[in-house]
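Source file: my_file38.cif (mmCIF, C-alpha atoms)
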data_data
loop_
_atom_site.group_PDB
_atom_site.id
_atom_site.type_symbol
_atom_site.label_atom_id
_atom_site.label_comp_id
_atom_site.auth_asym_id
_atom_site.auth_seq_id
_atom_site.Cartn_x
_atom_site.Cartn_y
_atom_site.Cartn_z
ATOM 1 C CA MET A 21 -19.661 -46.079 21.871
ATOM 2 C CA LYS A 22 -20.631 -49.423 23.516
ATOM 3 C CA VAL A 23 -18.744 -49.029 26.812
ATOM 4 C CA ASN A 24 -20.321 -45.615 27.178
ATOM 5 C CA SER A 25 -23.822 -47.073 26.837
ATOM 6 C CA ILE A 26 -22.926 -49.850 29.322
ATOM 7 C CA ALA A 27 -21.817 -47.202 31.828
ATOM 8 C CA LEU A 28 -25.052 -45.266 31.394
ATOM 9 C CA GLY A 29 -27.265 -48.360 31.737
ATOM 10 C CA LYS A 30 -29.769 -48.101 34.589
ATOM 11 C CA ARG A 31 -28.612 -51.250 36.397
ATOM 12 C CA ILE A 32 -24.941 -50.254 36.280
ATOM 13 C CA GLN A 33 -25.761 -46.738 37.498
ATOM 14 C CA ASN A 34 -27.826 -48.168 40.372
ATOM 15 C CA PHE A 35 -24.984 -50.526 41.278
ATOM 16 C CA ILE A 36 -22.425 -47.701 41.270
ATOM 17 C CA LYS A 37 -24.782 -45.548 43.371
ATOM 18 C CA LYS A 38 -25.427 -48.326 45.903
ATOM 19 C CA THR A 39 -21.772 -49.207 46.300
ATOM 20 C CA ASP A 40 -20.517 -45.631 46.523
ATOM 21 C CA SER A 41 -18.377 -45.974 49.650
ATOM 22 C CA LYS A 42 -14.672 -46.131 50.280
ATOM 23 C CA GLU A 43 -15.120 -49.187 52.497
ATOM 24 C CA PHE A 44 -16.770 -51.137 49.695
ATOM 25 C CA TYR A 45 -13.944 -50.415 47.255
ATOM 26 C CA ALA A 46 -11.321 -51.178 49.886
ATOM 27 C CA LYS A 47 -13.049 -54.542 50.424
ATOM 28 C CA LEU A 48 -13.246 -55.093 46.669
ATOM 29 C CA ASP A 49 -9.557 -54.271 46.222
ATOM 30 C CA ARG A 50 -8.701 -56.736 48.967
ATOM 31 C CA ASN A 51 -10.846 -59.593 47.681
ATOM 32 C CA LEU A 52 -10.844 -59.250 43.904
ATOM 33 C CA PRO A 53 -7.216 -60.375 43.391
ATOM 34 C CA ILE A 54 -8.025 -63.512 45.422
ATOM 35 C CA LEU A 55 -11.125 -64.169 43.303
ATOM 36 C CA GLU A 56 -9.060 -63.577 40.156
ATOM 37 C CA THR A 57 -6.359 -66.037 41.273
ATOM 38 C CA PHE A 58 -8.963 -68.646 42.228
ATOM 39 C CA SER A 59 -10.853 -68.362 38.937
ATOM 40 C CA ALA A 60 -7.542 -68.411 37.021
ATOM 41 C CA GLY A 61 -6.603 -71.644 38.817
ATOM 42 C CA LEU A 62 -9.950 -73.210 37.907
ATOM 43 C CA CYS A 63 -9.634 -72.116 34.290
ATOM 44 C CA TYR A 64 -6.073 -73.494 34.076
ATOM 45 C CA CYS A 65 -7.222 -76.882 35.439
ATOM 46 C CA GLY A 66 -10.049 -76.938 32.898
ATOM 47 C CA ALA A 67 -7.736 -75.903 30.052
ATOM 48 C CA ILE A 68 -5.210 -78.641 30.926
ATOM 49 C CA GLN A 69 -7.950 -81.291 30.871
ATOM 50 C CA LEU A 70 -9.389 -79.982 27.596
ATOM 51 C CA GLN A 71 -6.074 -79.735 25.688
ATOM 52 C CA ASN A 72 -5.914 -82.776 23.420
ATOM 53 C CA ASN A 73 -2.361 -82.200 22.204
ATOM 54 C CA LEU A 74 -0.856 -82.380 25.713
ATOM 55 C CA PRO A 75 0.652 -85.805 26.519
ATOM 56 C CA LYS A 76 -1.329 -87.647 29.205
ATOM 57 C CA GLU A 77 1.782 -88.289 31.309
ATOM 58 C CA ARG A 78 2.469 -84.560 31.622
ATOM 59 C CA LYS A 79 -1.060 -83.538 32.632
ATOM 60 C CA PRO A 80 -0.917 -84.519 36.368
ATOM 61 C CA SER A 81 2.260 -82.513 36.941
ATOM 62 C CA LEU A 82 0.793 -79.452 35.181
ATOM 63 C CA MET A 83 -2.438 -79.863 37.166
ATOM 64 C CA TRP A 84 -0.506 -79.914 40.446
ATOM 65 C CA GLN A 85 1.377 -76.809 39.331
ATOM 66 C CA ALA A 86 -1.908 -75.011 38.625
ATOM 67 C CA ILE A 87 -3.519 -76.071 41.932
ATOM 68 C CA LEU A 88 -0.500 -75.329 44.125
ATOM 69 C CA GLY A 89 0.182 -72.084 42.234
ATOM 70 C CA CYS A 90 -3.401 -70.995 42.873
ATOM 71 C CA ILE A 91 -3.202 -71.793 46.609
ATOM 72 C CA ALA A 92 0.214 -70.133 46.971
ATOM 73 C CA GLY A 93 -0.917 -67.091 44.959
ATOM 74 C CA MET A 94 -4.029 -66.625 47.115
ATOM 75 C CA SER A 95 -2.169 -66.963 50.406
ATOM 76 C CA VAL A 96 0.890 -64.918 49.439
ATOM 77 C CA SER A 97 -0.763 -62.059 47.516
ATOM 78 C CA LYS A 98 -2.485 -60.536 50.568
ATOM 79 C CA ALA A 99 0.628 -60.550 52.766
ATOM 80 C CA LEU A 100 2.777 -59.380 49.867
ATOM 81 C CA ASP A 101 0.461 -56.461 49.094
ATOM 82 C CA GLY A 102 0.727 -55.091 52.643
ATOM 83 C CA PHE A 103 4.497 -55.492 52.660
ATOM 84 C CA ILE A 104 4.943 -53.813 49.258
ATOM 85 C CA ASN A 105 2.592 -50.903 50.047
ATOM 86 C CA LYS A 106 4.510 -50.087 53.224
ATOM 87 C CA HIS A 107 7.915 -50.025 51.497
ATOM 88 C CA LYS A 108 6.611 -48.301 48.354
ATOM 89 C CA GLU A 109 5.272 -45.363 50.351
ATOM 90 C CA LEU A 110 8.567 -44.965 52.239
ATOM 91 C CA LEU A 111 10.421 -44.775 48.913
ATOM 92 C CA CYS A 112 7.877 -42.285 47.519
ATOM 93 C CA LYS A 113 8.325 -40.063 50.598
ATOM 94 C CA GLU A 114 12.075 -39.945 49.919
ATOM 95 C CA LEU A 115 11.461 -39.188 46.235
ATOM 96 C CA GLU A 116 9.231 -36.216 47.141
ATOM 97 C CA LYS A 117 12.235 -34.542 48.768
ATOM 98 C CA LYS A 118 14.408 -34.890 45.655
ATOM 99 C CA ASN A 119 14.911 -32.337 42.929
ATOM 100 C CA ILE A 120 13.630 -34.371 39.985
ATOM 101 C CA PRO A 121 11.894 -32.870 36.912
ATOM 102 C CA LYS A 122 8.217 -33.988 36.714
ATOM 103 C CA VAL A 123 8.583 -35.604 40.121
ATOM 104 C CA ASN A 124 4.848 -36.421 40.320
ATOM 105 C CA ASN A 125 5.053 -38.668 37.256
ATOM 106 C CA VAL A 126 8.165 -40.366 38.656
ATOM 107 C CA ILE A 127 6.378 -40.996 41.977
ATOM 108 C CA LYS A 128 3.284 -42.343 40.195
ATOM 109 C CA GLY A 129 5.552 -44.579 38.091
ATOM 110 C CA THR A 130 7.287 -45.815 41.244
ATOM 111 C CA ARG A 131 3.892 -46.621 42.793
ATOM 112 C CA VAL A 132 3.181 -48.868 39.767
ATOM 113 C CA PHE A 133 6.704 -50.213 39.175
ATOM 114 C CA VAL A 134 7.595 -51.409 42.694
ATOM 115 C CA PRO A 135 4.567 -53.708 43.199
ATOM 116 C CA LEU A 136 4.790 -54.827 39.563
ATOM 117 C CA VAL A 137 8.411 -55.986 39.915
ATOM 118 C CA THR A 138 8.148 -57.508 43.385
ATOM 119 C CA SER A 139 4.866 -59.346 42.832
ATOM 120 C CA ALA A 140 6.020 -60.613 39.413
ATOM 121 C CA LEU A 141 9.302 -61.851 40.885
ATOM 122 C CA VAL A 142 7.590 -63.606 43.792
ATOM 123 C CA THR A 143 4.328 -64.936 42.337
ATOM 124 C CA ARG A 144 5.379 -65.425 38.722
ATOM 125 C CA TYR A 145 9.009 -66.428 39.140
ATOM 126 C CA ALA A 146 10.031 -67.726 42.564
ATOM 127 C CA ILE A 147 6.855 -69.660 43.449
ATOM 128 C CA PRO A 148 6.397 -71.394 40.037
ATOM 129 C CA VAL A 149 10.096 -72.359 39.916
ATOM 130 C CA ILE A 150 9.864 -73.941 43.389
ATOM 131 C CA LEU A 151 6.609 -75.661 42.404
ATOM 132 C CA VAL A 152 8.059 -77.502 39.361
ATOM 133 C CA PRO A 153 10.030 -80.179 41.301
ATOM 134 C CA ILE A 154 7.303 -80.353 43.991
ATOM 135 C CA SER A 155 4.533 -80.965 41.443
ATOM 136 C CA SER A 156 6.706 -83.487 39.599
ATOM 137 C CA TRP A 157 7.286 -85.376 42.855
ATOM 138 C CA LEU A 158 3.573 -85.215 43.772
ATOM 139 C CA SER A 159 2.428 -86.553 40.391
ATOM 140 C CA LYS A 160 4.933 -89.423 40.626
ATOM 141 C CA HIS A 161 3.901 -90.194 44.195
ATOM 142 C CA PHE A 162 0.197 -90.384 43.321
ATOM 143 C CA LYS A 163 0.955 -92.425 40.187
ATOM 144 C CA LYS A 164 2.828 -94.968 42.321
ATOM 145 C CA GLU A 165 -0.038 -95.081 44.820
ATOM 146 C CA LYS A 166 -2.496 -95.648 41.981
ATOM 147 C CA VAL A 167 -0.381 -98.532 40.626
ATOM 148 C CA VAL A 168 -0.154 -100.090 44.109
ATOM 149 C CA ASN A 169 -3.937 -99.811 44.560
ATOM 150 C CA LEU A 170 -4.523 -101.333 41.119
ATOM 151 C CA ASN A 171 -2.181 -104.225 41.961
ATOM 152 C CA LYS A 172 -4.031 -104.684 45.247
ATOM 153 C CA GLY A 173 -7.283 -104.829 43.289
ATOM 154 C CA VAL A 174 -5.816 -107.468 40.959
ATOM 155 C CA ASP A 175 -4.610 -109.514 43.954
ATOM 156 C CA ASN A 176 -8.040 -109.300 45.581
ATOM 157 C CA LYS A 177 -9.703 -110.438 42.370
ATOM 158 C CA LYS A 178 -7.290 -113.423 42.200
ATOM 159 C CA TYR A 179 -8.027 -114.230 45.826
ATOM 160 C CA LEU A 180 -11.764 -113.984 45.246
ATOM 161 C CA ALA A 181 -11.511 -116.176 42.151
ATOM 162 C CA MET B 4 27.530 -39.175 67.020
ATOM 163 C CA ARG B 5 28.789 -37.331 63.945
ATOM 164 C CA ILE B 6 26.322 -36.681 61.134
ATOM 165 C CA ASN B 7 28.816 -38.102 58.595
ATOM 166 C CA ASN B 8 28.631 -41.469 60.300
ATOM 167 C CA ILE B 9 24.862 -41.872 59.744
ATOM 168 C CA LYS B 10 24.399 -44.171 56.753
ATOM 169 C CA PRO B 11 21.480 -43.476 54.381
ATOM 170 C CA ASN B 12 18.817 -46.193 54.540
ATOM 171 C CA ILE B 13 17.785 -48.273 51.534
ATOM 172 C CA TYR B 14 14.953 -45.872 50.516
ATOM 173 C CA GLN B 15 17.295 -42.875 50.587
ATOM 174 C CA ARG B 16 19.871 -44.762 48.531
ATOM 175 C CA LEU B 17 17.231 -45.812 45.983
ATOM 176 C CA ALA B 18 15.856 -42.250 45.802
ATOM 177 C CA ASN B 19 19.408 -40.924 45.267
ATOM 178 C CA LYS B 20 19.933 -43.432 42.453
ATOM 179 C CA ILE B 21 16.692 -42.388 40.772
ATOM 180 C CA GLU B 22 17.618 -38.700 41.173
ATOM 181 C CA LYS B 23 21.022 -39.216 39.544
ATOM 182 C CA SER B 24 19.827 -41.420 36.669
ATOM 183 C CA PRO B 25 17.691 -39.770 33.943
ATOM 184 C CA ARG B 26 17.265 -43.218 32.351
ATOM 185 C CA LEU B 27 15.517 -44.597 35.460
ATOM 186 C CA GLN B 28 13.363 -41.466 35.631
ATOM 187 C CA ASN B 29 12.333 -41.984 31.988
ATOM 188 C CA ILE B 30 11.468 -45.640 32.646
ATOM 189 C CA LEU B 31 9.316 -44.677 35.644
ATOM 190 C CA LYS B 32 7.536 -41.960 33.629
ATOM 191 C CA LYS B 33 6.828 -44.476 30.842
ATOM 192 C CA VAL B 34 5.511 -46.998 33.390
ATOM 193 C CA ASP B 35 3.204 -44.293 34.733
ATOM 194 C CA SER B 36 1.872 -43.458 31.260
ATOM 195 C CA ASN B 37 1.132 -47.104 30.349
ATOM 196 C CA PRO B 38 1.009 -49.429 33.370
ATOM 197 C CA SER B 39 -0.659 -52.433 31.707
ATOM 198 C CA LEU B 40 1.892 -52.535 28.872
ATOM 199 C CA ALA B 41 4.777 -52.211 31.362
ATOM 200 C CA ASN B 42 3.298 -55.050 33.385
ATOM 201 C CA GLY B 43 2.942 -57.209 30.260
ATOM 202 C CA MET B 44 6.528 -56.517 29.177
ATOM 203 C CA PHE B 45 8.033 -57.270 32.580
ATOM 204 C CA VAL B 46 5.976 -60.423 33.034
ATOM 205 C CA CYS B 47 6.949 -61.523 29.496
ATOM 206 C CA ALA B 48 10.671 -60.993 30.175
ATOM 207 C CA THR B 49 10.427 -62.997 33.410
ATOM 208 C CA ALA B 50 8.368 -65.774 31.839
ATOM 209 C CA VAL B 51 10.317 -66.091 28.583
ATOM 210 C CA LEU B 52 13.894 -65.689 29.811
ATOM 211 C CA LEU B 53 14.325 -65.922 33.564
ATOM 212 C CA LYS B 54 11.883 -68.670 34.521
ATOM 213 C CA PRO B 55 12.660 -71.289 31.807
ATOM 214 C CA THR B 56 16.419 -70.949 32.306
ATOM 215 C CA THR B 57 16.060 -71.433 36.057
ATOM 216 C CA ILE B 58 13.684 -74.396 35.664
ATOM 217 C CA MET B 59 16.025 -76.090 33.177
ATOM 218 C CA ALA B 60 19.024 -75.410 35.431
ATOM 219 C CA ILE B 61 17.480 -77.297 38.373
ATOM 220 C CA PRO B 62 19.163 -80.730 38.459
ATOM 221 C CA THR B 63 16.796 -83.670 37.866
ATOM 222 C CA LYS B 64 17.288 -87.320 38.717
ATOM 223 C CA ASP B 65 15.183 -89.125 36.118
ATOM 224 C CA LYS B 66 13.824 -88.701 32.607
ATOM 225 C CA ASP B 67 10.275 -88.076 33.804
ATOM 226 C CA SER B 68 11.284 -85.060 35.899
ATOM 227 C CA LYS B 69 13.333 -83.717 32.966
ATOM 228 C CA GLU B 70 10.263 -84.002 30.714
ATOM 229 C CA ASP B 71 8.165 -82.213 33.352
ATOM 230 C CA ALA B 72 10.773 -79.443 33.458
ATOM 231 C CA ILE B 73 10.694 -79.114 29.633
ATOM 232 C CA TYR B 74 6.898 -78.844 29.596
ATOM 233 C CA SER B 75 6.911 -76.367 32.500
ATOM 234 C CA SER B 76 9.436 -74.191 30.663
ATOM 235 C CA ALA B 77 7.344 -74.405 27.485
ATOM 236 C CA LYS B 78 4.269 -73.391 29.500
ATOM 237 C CA SER B 79 6.166 -70.444 30.925
ATOM 238 C CA ILE B 80 7.318 -69.245 27.479
ATOM 239 C CA GLY B 81 3.823 -69.654 25.988
ATOM 240 C CA THR B 82 2.271 -67.835 28.930
ATOM 241 C CA GLY B 83 4.742 -64.956 28.597
ATOM 242 C CA PHE B 84 3.963 -64.370 24.918
ATOM 243 C CA VAL B 85 0.197 -64.799 25.355
ATOM 244 C CA ASP B 86 0.197 -62.355 28.314
ATOM 245 C CA LEU B 87 2.121 -59.742 26.327
ATOM 246 C CA ALA B 88 -0.157 -60.166 23.303
ATOM 247 C CA ILE B 89 -3.247 -59.850 25.522
ATOM 248 C CA ALA B 90 -1.882 -56.729 27.222
ATOM 249 C CA TYR B 91 -0.875 -55.109 23.917
ATOM 250 C CA LEU B 92 -3.866 -56.091 21.789
ATOM 251 C CA LEU B 93 -6.661 -56.028 24.358
ATOM 252 C CA PHE B 94 -6.022 -54.208 27.598
ATOM 253 C CA VAL B 95 -4.071 -51.196 26.282
ATOM 254 C CA PRO B 96 -6.894 -50.258 23.844
ATOM 255 C CA ILE B 97 -9.537 -51.072 26.493
ATOM 256 C CA ASN B 98 -7.827 -48.796 29.048
ATOM 257 C CA LYS B 99 -7.481 -45.970 26.501
ATOM 258 C CA HIS B 100 -11.138 -46.341 25.572
ATOM 259 C CA LEU B 101 -12.173 -46.432 29.232
ATOM 260 C CA ASP B 102 -10.251 -43.191 29.851
ATOM 261 C CA LYS B 103 -12.212 -41.547 27.033
ATOM 262 C CA VAL B 104 -15.488 -42.931 28.372
ATOM 263 C CA GLY B 105 -14.557 -41.766 31.881
ATOM 264 C CA ARG B 106 -14.126 -38.218 30.612
ATOM 265 C CA LYS B 107 -17.454 -38.387 28.735
ATOM 266 C CA ILE B 108 -19.573 -39.769 31.562
ATOM 267 C CA PHE B 109 -17.975 -37.250 33.973
ATOM 268 C CA ASN B 110 -19.812 -34.543 32.029
ATOM 269 C CA GLU B 111 -23.059 -36.526 31.546
ATOM 270 C CA ALA B 112 -25.669 -34.412 33.374
ATOM 271 C CA ASP B 113 -28.376 -37.060 33.924
ATOM 272 C CA SER B 114 -26.086 -39.721 35.361
ATOM 273 C CA VAL B 115 -24.653 -40.729 38.725
ATOM 274 C CA TYR B 116 -21.162 -39.933 37.417
ATOM 275 C CA PHE B 117 -21.829 -36.212 36.876
ATOM 276 C CA HIS B 118 -18.834 -34.351 38.303
ATOM 277 C CA ASN B 119 -17.980 -37.309 40.549
ATOM 278 C CA LYS B 120 -14.435 -38.514 39.899
ATOM 279 C CA GLU B 121 -14.611 -41.414 42.357
ATOM 280 C CA ARG B 122 -17.671 -42.970 40.719
ATOM 281 C CA CYS B 123 -16.050 -42.667 37.270
ATOM 282 C CA SER B 124 -12.868 -44.390 38.417
ATOM 283 C CA ALA B 125 -14.954 -47.012 40.251
ATOM 284 C CA TYR B 126 -16.779 -47.821 37.003
ATOM 285 C CA LYS B 127 -13.479 -48.041 35.111
ATOM 286 C CA SER B 128 -11.876 -50.358 37.667
ATOM 287 C CA ILE B 129 -14.959 -52.624 37.873
ATOM 288 C CA PHE B 130 -15.209 -52.846 34.066
ATOM 289 C CA ASN B 131 -11.514 -53.704 33.800
ATOM 290 C CA ARG B 132 -11.654 -56.433 36.469
ATOM 291 C CA VAL B 133 -14.878 -57.969 35.156
ATOM 292 C CA ALA B 134 -13.447 -58.055 31.610
ATOM 293 C CA LYS B 135 -10.316 -59.779 32.927
ATOM 294 C CA ILE B 136 -12.283 -62.448 34.818
ATOM 295 C CA ALA B 137 -14.770 -62.973 31.972
ATOM 296 C CA LEU B 138 -11.995 -63.532 29.422
ATOM 297 C CA LEU B 139 -9.979 -65.853 31.698
ATOM 298 C CA PRO B 140 -11.175 -69.154 30.127
ATOM 299 C CA ILE B 141 -10.067 -68.010 26.656
ATOM 300 C CA PHE B 142 -6.686 -66.798 27.980
ATOM 301 C CA ALA B 143 -6.191 -70.074 29.862
ATOM 302 C CA TRP B 144 -6.937 -72.133 26.745
ATOM 303 C CA ALA B 145 -4.537 -69.997 24.660
ATOM 304 C CA LYS B 146 -1.773 -70.333 27.265
ATOM 305 C CA PHE B 147 -1.886 -74.135 27.261
ATOM 306 C CA ALA B 148 -2.305 -74.471 23.492
ATOM 307 C CA PHE B 149 1.340 -73.541 22.850
ATOM 308 C CA ILE B 150 2.942 -75.937 25.340
ATOM 309 C CA THR B 151 3.265 -79.057 23.177
ATOM 310 C CA PRO B 152 4.551 -77.352 19.988
ATOM 311 C CA LEU B 153 7.149 -75.414 22.013
ATOM 312 C CA ALA B 154 8.257 -78.515 23.958
ATOM 313 C CA GLU B 155 8.537 -80.574 20.754
ATOM 314 C CA ARG B 156 10.601 -77.829 19.137
ATOM 315 C CA TYR B 157 12.952 -77.711 22.102
ATOM 316 C CA LYS B 158 13.373 -81.501 22.020
ATOM 317 C CA LYS B 159 14.167 -81.446 18.280
ATOM 318 C CA TYR B 160 16.672 -78.619 18.797
ATOM 319 C CA ARG B 161 18.336 -80.523 21.636
ATOM 320 C CA SER B 162 18.559 -83.810 19.739
ATOM 321 C CA LYS B 163 20.087 -81.983 16.750
ATOM 322 C CA HIS B 164 22.742 -80.379 18.947
ATOM 323 C CA GLU B 165 23.454 -83.635 20.800
ATOM 324 C CA SER B 166 23.906 -85.549 17.507
ATOM 325 C CA LYS B 167 26.425 -82.924 16.310
#

Show me this structure written as structure tokens.
Amino acid sequence: MKVNSIALGKRIQNFIKKTDSKEFYAKLDRNLPILETFSAGLCYCGAIQLQNNLPKERKPSLMWQAILGCIAGMSVSKALDGFINKHKELLCKELEKKNIPKVNNVIKGTRVFVPLVTSALVTRYAIPVILVPISSWLSKHFKKEKVVNLNKGVDNKKYLA
Amino acid sequence: MRINNIKPNIYQRLANKIEKSPRLQNILKKVDSNPSLANGMFVCATAVLLKPTTIMAIPTKDKDSKEDAIYSSAKSIGTGFVDLAIAYLLFVPINKHLDKVGRKIFNEADSVYFHNKERCSAYKSIFNRVAKIALLPIFAWAKFAFITPLAERYKKYRSKHESK
């Protein structure tokens, strides 16, 4: 079993021993989603540039979507997590009072389901939908600016000639 | 103030709904037994159905914006399917395997995990996160690989329907 041998490796065991504190894992839980979103944004930008079958005209808009999505995801996820946790626990407290068979499983399911639905609806639906027209506008705006600068360059060359 | 006049708050109403509906209870139990698959399925439904329809419904002024909307919808659909496939083919087996490993190392006498539940779950969570971040470049490439074929298909479908 490979994962088993990884877990029992000396370095991993030392790492787990060194970091054995609730504070460390609380810090990790707070910062890892941000790191994940940031690295996902970087990977998306790289993947867009590397895809040969994507039309060149569509790449800037997709790049803007990836960059803005990454920034929005990083800034929203922290605030959203606190908000969801607060409301999730209030709902779980109410569920504890109810006469439901296997209530523990239902509460555990609620603890997974509520953040899953809310974060998916906000970060994977609402934000990307809003970002489509914004990124389209941004790519057009920068394209126009590029054309103007190029024309300026041509004019300067004519003037210099 | 009479007790009858006090309205139940939103949490009480939601809890009442869950109590009355065995279907909702079943869904929540299933989510608890397999969270990564539930996440994949919900994200897939949002990405494949909800997001593309909303993006395409947003009015656009010019052809360029329309094309951007088509490619964004295609990206969303591709992402949804790739995410579901990754969850089903990779992370569900990985999580099951990690559970088994967690139980094994819990009883490993010469290790730091011996009868220490917190350390076992810490190892599992770190392994899961590191695997996710390490595989991100491959997932990202796969997500963008399907955009053009899907967008071209949609364009063909639309031109066929418009010509009819």

Point to revise | Lys33 of chain B environment, 10 Å, all atoms listed in the file, sequence neighbours closer than 5 positions dropped, as JSON, numbers by chain | key: {"A": [125, 126, 129], "B": [27, 28, 38, 40, 41]}

Exercise for review: Please measure the separation of atom CA of Leu70 of chain A and atom CA of Ser155 of chain A, giving the value in Å to one decimal.
Suggested key: 19.7 Å

Exercise for review: Give me the result of the PyMOL selection byres ((chain B) within 7 of (chain A)) on this file, residue by residue, as a ChimeraX atom specification.
Suggested key: /B:14-15,18,22,28,31-32,34-35,38,42,46,49,54,58,68,71-72,104,114-115,122,136,139-140,143-144,147-148,151

Review point. What separation in Å, quoted to one decimal, exists between atom CA of Arg106 of chain B and atom CA of Lys120 of chain B?
Key: 9.3 Å

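Closest approach to Ile147 of chain A from the set B:Asn12, B:Ser166, B:Asn37, B:Thr57 is made by B:Thr57, with distances taken over only C-alpha atoms.
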
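Counting all atoms listed in the file, Val85 of chain B has the following residues at most 9 Å away, ignoring those fewer than 2 positions along the same chain: B:Cys47, B:Ile80, B:Gly81, B:Thr82, B:Gly83, B:Leu87, B:Ala88, B:Ile89, B:Ala90, B:Phe142, B:Ala145, B:Lys146.
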
Would you compute an axis-aligned box for segment 126-145 of chain B, covering every atom listed for it in the file with 6 Å of margin on each side, and report centre and edge lengths in Å to one decimal as JSON?
{"center_x": -10.7, "center_y": -60.0, "center_z": 31.3, "size_x": 24.2, "size_y": 36.3, "size_z": 25.2}

Around (5.2, -76.9, 27.4), as given in the file, which residues come within 8 Å? Count all atoms listed in the file and list them as a short mmCIF file (atom, residue, chain, number, x, y, z; two decimals) with C-alpha atoms, keeping the file's coordinate frame.
data_model
loop_
_atom_site.label_atom_id
_atom_site.label_comp_id
_atom_site.auth_asym_id
_atom_site.auth_seq_id
_atom_site.Cartn_x
_atom_site.Cartn_y
_atom_site.Cartn_z
CA ILE B 73 10.69 -79.11 29.63
CA TYR B 74 6.90 -78.84 29.60
CA SER B 75 6.91 -76.37 32.50
CA SER B 76 9.44 -74.19 30.66
CA ALA B 77 7.34 -74.40 27.48
CA LYS B 78 4.27 -73.39 29.50
CA SER B 79 6.17 -70.44 30.92
CA ILE B 80 7.32 -69.24 27.48
CA GLY B 81 3.82 -69.65 25.99
CA PHE B 147 -1.89 -74.14 27.26
CA PHE B 149 1.34 -73.54 22.85
CA ILE B 150 2.94 -75.94 25.34
CA THR B 151 3.26 -79.06 23.18
CA PRO B 152 4.55 -77.35 19.99
CA LEU B 153 7.15 -75.41 22.01
CA ALA B 154 8.26 -78.52 23.96
#
